[in-house]
Amino acid sequence: MANLPNEVSRRRTFAIIAHPDAGKTTLTEKLLLFGGAIQLAGAVKARGEQRRARSDWMKVERERGISVTASVMSFEYRGCAFNLLDTPGHEDFSEDTYRTLTAVDSAVMVIDAAKGIESQTLKLFEACRLRDVPIVTFINKMDREGREPIDLLSEIEQQLALDVTPASWPIGMGKTFKGCFDLLRDRLFLFERGGKQDEAEIEIKGINDPALDSHLKPDEVARLREDVEMARGLMKSFDLQAYREGHLSPVYFGSAVNNFGVGELLAGLAEMAPPPRVQHTTTRDVAPTEEKATGFVFKIQANMDPKHRDRIAFFRLCSGQFQRGMKMLHVRSGKQINLHNPVVFLAQDREIAEEAFAGDILGIPNHGNLRIGDTLTEGEALQFTGIPSFAPEYLQSVRADDPLRAKHLGKALEQLAEEGAARVFRPEIGTDYIVGVVGALQFEVLADRIRTEYGLPVRFEPTSLHTARWVESDDAAALKSFLDETRASMAKDHNGDPVFLARNAWHLDRAQADHPKVKFLKVKEQP
Ligand code: GDP
């Protein structure tokens, strides 16, 4: 039996958040390179036992027609086991992004040194703030002319209302970029264009150590000391607790494409980033070091092969240790499910999971019985909370071109709703389905998927609907009278929960004013 507390404390499960083009992909690649995962993918092939496990999985993938993109990447660095979760919805922001952030313990925010905070940075940051996810900032592209470091730091502080503290300080920028001084660990890192991994680090005893003068020009040293003094005067100093509570972000500077600052960032994460956290359920808190395994499904990835209906459920292990072949209780249905071929993820590769620990992510192949928000345990009837559903911002009705196939359409929509790709509402009156999404582009994607995966040509049509709200009330009589009175505007979601479909903002305001005991929810927590 592995030492559970040890295994848990060395886990770092995180995501990268960034505006497109800031360098998320490049940084991901470099993190994997530093973590040895890219070479490891090659090495795995040589090892007999693992090779078998790997080809088993590939067979599963082939037979079931599922292709899992690099949604989760696992690697080791300095004794820590990292799980990096990809945040999808790069261009078209989706609910999957939010849900992925419910499965991490911390995040890295990548910012382009020339651009600072951009629209998507802001949106993703807000999603992190909902749950006080601790954030380390990486200011990228220091090999190019960008904005003054102090400017960037105060922009983060002001725009995000987040305290920042420099973890490293850059020396020069663009053509004159010389490297960084690590303020947390008192080390000088010298920049080399196209540098290899693990840049040379030079131990320096504080910013006033005369040793600095032998590595940098006098004006560079003078500027560095002046800048650091100013930054230290203006910004908070590092405080582990404030960082872990999500109130303070340590900031690194670097250049992902040149491998610069990547090792420092990883070392920082190994040292500071939180191990798996305590998770809340409807009945009690679950500590990651509890012996019994528990966890929840935060994402479903659908089949790529139209002939199959199989999917992968992404499962965050919240406590205990998982072993292959284990049976777990699927709390929603009350049934046992046998986990004989769940997968762990290595970069560009995957293997059947033999064991995993709290903080790890498993991919569980299934036929649709697992849904977003589902809890699995070793027997206790727990339900994890905090996995959000968002009221859609765009609503359209959908119809099959062939009216005789309406039933098939219903089935397809139900599956897409369970997967979390869209909200599907069945109005109390009428026969059309109403589909809701958070990004307008998603209608096209859905129409395409329904046509290719289910062989059903469909048409989406605009509706006169403005928005949707889940309704609930502590007062059963008040809820009933509301539902009776507004039947024409009511629908049910795929879980059978009541949803109010408002024609316009006034309609919604009016319903709220008339029914003060009813809550109109924009965000609903699963289940
Ligand atoms: P993503 O859209 O956030 O995933 O960004 P990418 O990783 O694809 O990077 C966007 C562009 O920025 C690419 O052309 C990268 O080569 C470039 N890039 C990434 N990191 C750096 C860097 O440190 N310096 C410079 N000059 N370019 C970079």
# chains A, B, ... in the order shown; residues from 1 in each chain; ligands from 1

call {"tool": "select_by_dssp", "arguments": {"residues": "stretch 128-296 of chain A", "states": "strand (DSSP E or B)", "output": "PyMOL selection string"}}
result
chain A and resi 135-140+163-166+168-171+179-182+187-190+201-203+248-253+255+260+279-281+285-286+294-296

call {"tool": "residues_around", "arguments": {"residues": "A:Asp401", "least_positions_apart": "6", "cutoff": "10 Å", "atoms": "only C-alpha atoms", "output": "ChimeraX atom specification"}}
result
/A:456-459

call {"tool": "atom_distance", "arguments": {"atom1": "atom CA of A:Ala273", "atom2": "atom CA of A:Ala242"}}
result
11.8 Å

call {"tool": "residues_near_ligand", "arguments": {"ligand": "ligand 1", "cutoff": "10 Å", "atoms": "only C-alpha atoms and all ligand atoms", "output": "tab-separated table (two decimals) with C-alpha atoms, in the first residue's frame"}}
result
chain	number	residue	atom	x	y	z
A	16	ILE	CA	-3.41	27.30	-17.41
A	17	ILE	CA	-5.63	30.26	-18.15
A	18	ALA	CA	-4.75	32.69	-20.92
A	19	HIS	CA	-6.12	34.86	-23.68
A	20	PRO	CA	-5.52	33.26	-27.12
A	21	ASP	CA	-1.97	33.85	-28.36
A	22	ALA	CA	-0.47	34.67	-24.98
A	23	GLY	CA	1.49	31.42	-25.14
A	24	LYS	CA	-0.59	28.76	-23.39
A	25	THR	CA	0.26	26.03	-25.89
A	26	THR	CA	3.95	26.87	-25.91
A	27	LEU	CA	4.13	26.94	-22.14
A	28	THR	CA	2.22	23.64	-21.89
A	29	GLU	CA	4.69	22.02	-24.25
A	30	LYS	CA	7.65	23.36	-22.29
A	90	HIS	CA	-10.17	28.89	-26.24
A	91	GLU	CA	-12.05	30.93	-28.80
A	110	VAL	CA	-0.25	33.52	-18.70
A	111	ILE	CA	-0.04	37.14	-19.83
A	112	ASP	CA	1.62	38.55	-22.93
A	113	ALA	CA	4.13	41.20	-21.76
A	139	ILE	CA	4.35	37.15	-17.84
A	140	ASN	CA	5.49	35.75	-21.16
A	141	LYS	CA	7.44	36.97	-24.20
A	142	MET	CA	10.05	38.96	-22.29
A	143	ASP	CA	12.37	38.40	-25.26
A	144	ARG	CA	10.27	40.98	-27.10
A	145	GLU	CA	9.66	44.62	-26.40
A	174	GLY	CA	13.42	42.51	-25.71
A	193	ARG	CA	18.00	32.82	-26.69
A	194	GLY	CA	16.77	29.37	-27.72
A	253	PHE	CA	8.60	36.70	-15.91
A	254	GLY	CA	9.92	34.57	-18.74
A	255	SER	CA	9.87	33.50	-22.34
A	256	ALA	CA	8.19	30.17	-22.92
A	257	VAL	CA	9.42	29.78	-26.48
A	258	ASN	CA	13.01	30.16	-25.24
A	259	ASN	CA	12.48	27.79	-22.29
A	260	PHE	CA	13.20	30.71	-20.01
A	261	GLY	CA	11.50	30.95	-16.64

call {"tool": "closest_atom_pairs", "arguments": {"of": "stretch 258-336 of chain A", "to": "stretch 362-368 of chain A", "cutoff": "6 Å", "atoms": "only C-alpha atoms", "output": "CSV"}}
result
residue,atom,partner,partner_atom,distance
A:Asp310,CA,A:His367,CA,4.7
A:Arg311,CA,A:Asn366,CA,5.5
A:Ile312,CA,A:Pro365,CA,4.4
A:Ala313,CA,A:Ile364,CA,5.0
A:Phe314,CA,A:Gly363,CA,4.7
A:Phe315,CA,A:Leu362,CA,5.1

call {"tool": "write_last_selection", "arguments": {"atoms": "N, CA and C atoms", "output": "PDB file, in the first residue's frame"}}
result
ATOM      1  N   ASP A 310     -20.354   5.799 -27.159  1.00  0.00           N
ATOM      2  CA  ASP A 310     -19.544   5.785 -25.953  1.00  0.00           C
ATOM      3  C   ASP A 310     -18.911   7.123 -25.677  1.00  0.00           C
ATOM      4  N   ARG A 311     -18.614   7.319 -24.429  1.00  0.00           N
ATOM      5  CA  ARG A 311     -18.011   8.583 -24.037  1.00  0.00           C
ATOM      6  C   ARG A 311     -16.973   8.342 -22.957  1.00  0.00           C
ATOM      7  N   ILE A 312     -16.183   9.360 -22.731  1.00  0.00           N
ATOM      8  CA  ILE A 312     -15.233   9.335 -21.626  1.00  0.00           C
ATOM      9  C   ILE A 312     -15.720  10.325 -20.579  1.00  0.00           C
ATOM     10  N   ALA A 313     -15.848   9.856 -19.356  1.00  0.00           N
ATOM     11  CA  ALA A 313     -16.166  10.772 -18.257  1.00  0.00           C
ATOM     12  C   ALA A 313     -14.855  11.123 -17.571  1.00  0.00           C
ATOM     13  N   PHE A 314     -14.594  12.392 -17.397  1.00  0.00           N
ATOM     14  CA  PHE A 314     -13.396  12.831 -16.680  1.00  0.00           C
ATOM     15  C   PHE A 314     -13.742  12.949 -15.210  1.00  0.00           C
ATOM     16  N   PHE A 315     -12.998  12.206 -14.417  1.00  0.00           N
ATOM     17  CA  PHE A 315     -13.328  12.006 -13.020  1.00  0.00           C
ATOM     18  C   PHE A 315     -12.193  12.523 -12.144  1.00  0.00           C
TER      19      PHE A 315
END

call {"tool": "select_by_dssp", "arguments": {"residues": "stretch 252-325 of chain A", "states": "alpha helix (DSSP H)", "output": "list in words"}}
result
Val262, Gly263, Glu264, Leu265, Leu266, Ala267, Gly268, Leu269, Ala270, Glu271 and Met272 of chain A

call {"tool": "residues_around", "arguments": {"residues": "stretch 406-413 of chain A", "least_positions_apart": "5", "cutoff": "7 Å", "atoms": "only C-alpha atoms", "output": "PyMOL selection string"}}
result
chain A and resi 400+424+450+454

call {"tool": "residues_around", "arguments": {"residues": "A:Thr289", "least_positions_apart": "4", "cutoff": "6 Å", "atoms": "only C-alpha atoms", "output": "list in words"}}
result
Pro5, Ser319 and Gly320 of chain A

call {"tool": "write_last_selection", "arguments": {"atoms": "C-alpha atoms", "output": "PDB file, in the first residue's frame"}}
result
ATOM      1  CA  PRO A   5      -0.648  11.227   2.812  1.00  0.00           C
ATOM      2  CA  SER A 319      -9.934  11.242  -1.646  1.00  0.00           C
ATOM      3  CA  GLY A 320      -8.212   7.941  -1.170  1.00  0.00           C
TER       4      GLY A 320
END

call {"tool": "residues_around", "arguments": {"residues": "A:His247", "least_positions_apart": "6", "cutoff": "12 Å", "atoms": "only C-alpha atoms", "output": "MDAnalysis selection string"}}
result
chainID A and resid 128:129 131:136 157 160:165 236 238:241

call {"tool": "residues_around", "arguments": {"residues": "A:Cys180", "least_positions_apart": "3", "cutoff": "7 Å", "atoms": "only C-alpha atoms", "output": "ChimeraX atom specification"}}
result
/A:168-171,188-190

call {"tool": "atom_distance", "arguments": {"atom1": "atom CA of A:Ala505", "atom2": "atom CA of A:Leu479"}}
result
20.8 Å

call {"tool": "closest_residue", "arguments": {"among": "A:Leu521, A:Val398, A:Ala287, A:Val445", "to": "A:Pro462", "atoms": "only C-alpha atoms"}}
result
A:Val398

call {"tool": "atom_distance", "arguments": {"atom1": "atom CA of A:Ile300", "atom2": "atom CA of A:Thr467"}}
result
25.1 Å

call {"tool": "closest_residue", "arguments": {"among": "A:Pro276, A:Val221, A:Ile202, A:Ala302", "to": "A:Arg449", "atoms": "only C-alpha atoms"}}
result
A:Ala302

call {"tool": "closest_residue", "arguments": {"among": "A:Ala15, A:Leu153, A:Ala422, A:Leu31", "to": "A:Ser106", "atoms": "only C-alpha atoms"}}
result
A:Ala15

call {"tool": "residues_around", "arguments": {"residues": "stretch 430-438 of chain A", "least_positions_apart": "3", "cutoff": "7 Å", "atoms": "only C-alpha atoms", "output": "mmCIF file with N, CA and C atoms, in the first residue's frame"}}
result
data_model
loop_
_atom_site.group_PDB
_atom_site.id
_atom_site.type_symbol
_atom_site.label_atom_id
_atom_site.label_comp_id
_atom_site.auth_asym_id
_atom_site.auth_seq_id
_atom_site.Cartn_x
_atom_site.Cartn_y
_atom_site.Cartn_z
ATOM 1 N N SER A 94 -16.819 28.242 -23.226
ATOM 2 C CA SER A 94 -17.900 27.296 -22.940
ATOM 3 C C SER A 94 -17.927 26.914 -21.470
ATOM 4 N N PRO A 392 -28.217 29.637 -20.078
ATOM 5 C CA PRO A 392 -27.712 29.962 -21.407
ATOM 6 C C PRO A 392 -28.033 31.411 -21.793
ATOM 7 N N GLU A 393 -27.174 31.975 -22.617
ATOM 8 C CA GLU A 393 -27.410 33.349 -23.053
ATOM 9 C C GLU A 393 -28.079 33.401 -24.417
ATOM 10 N N TYR A 394 -28.098 32.263 -25.121
ATOM 11 C CA TYR A 394 -28.749 32.220 -26.434
ATOM 12 C C TYR A 394 -29.716 31.047 -26.463
ATOM 13 N N LEU A 395 -30.939 31.297 -26.940
ATOM 14 C CA LEU A 395 -31.946 30.238 -26.979
ATOM 15 C C LEU A 395 -32.519 30.119 -28.377
ATOM 16 N N GLN A 396 -32.557 28.910 -28.907
ATOM 17 C CA GLN A 396 -33.198 28.689 -30.213
ATOM 18 C C GLN A 396 -34.032 27.415 -30.141
ATOM 19 N N SER A 397 -35.003 27.336 -31.051
ATOM 20 C CA SER A 397 -35.757 26.092 -31.111
ATOM 21 C C SER A 397 -35.110 25.219 -32.178
ATOM 22 N N VAL A 398 -35.313 23.921 -32.047
ATOM 23 C CA VAL A 398 -34.692 23.027 -33.019
ATOM 24 C C VAL A 398 -35.710 21.993 -33.467
ATOM 25 N N ARG A 399 -35.617 21.648 -34.750
ATOM 26 C CA ARG A 399 -36.565 20.720 -35.348
ATOM 27 C C ARG A 399 -35.815 19.810 -36.319
ATOM 28 N N ALA A 422 -24.832 21.483 -24.279
ATOM 29 C CA ALA A 422 -25.898 22.479 -24.427
ATOM 30 C C ALA A 422 -26.926 22.250 -23.326
ATOM 31 N N ARG A 423 -27.783 23.243 -23.143
ATOM 32 C CA ARG A 423 -28.946 23.040 -22.269
ATOM 33 C C ARG A 423 -30.107 22.688 -23.186
ATOM 34 N N VAL A 424 -30.894 21.724 -22.796
ATOM 35 C CA VAL A 424 -32.042 21.363 -23.622
ATOM 36 C C VAL A 424 -33.290 21.466 -22.763
ATOM 37 N N PHE A 425 -34.257 22.247 -23.231
ATOM 38 C CA PHE A 425 -35.477 22.454 -22.454
ATOM 39 C C PHE A 425 -36.676 21.933 -23.214
ATOM 40 N N ARG A 426 -37.563 21.287 -22.485
ATOM 41 C CA ARG A 426 -38.793 20.776 -23.074
ATOM 42 C C ARG A 426 -39.932 21.636 -22.534
ATOM 43 N N PRO A 427 -40.474 22.548 -23.347
ATOM 44 C CA PRO A 427 -41.543 23.415 -22.841
ATOM 45 C C PRO A 427 -42.758 22.598 -22.388
ATOM 46 N N GLN A 442 -22.027 28.034 -30.872
ATOM 47 C CA GLN A 442 -22.278 26.642 -30.519
ATOM 48 C C GLN A 442 -23.477 26.019 -31.238
#
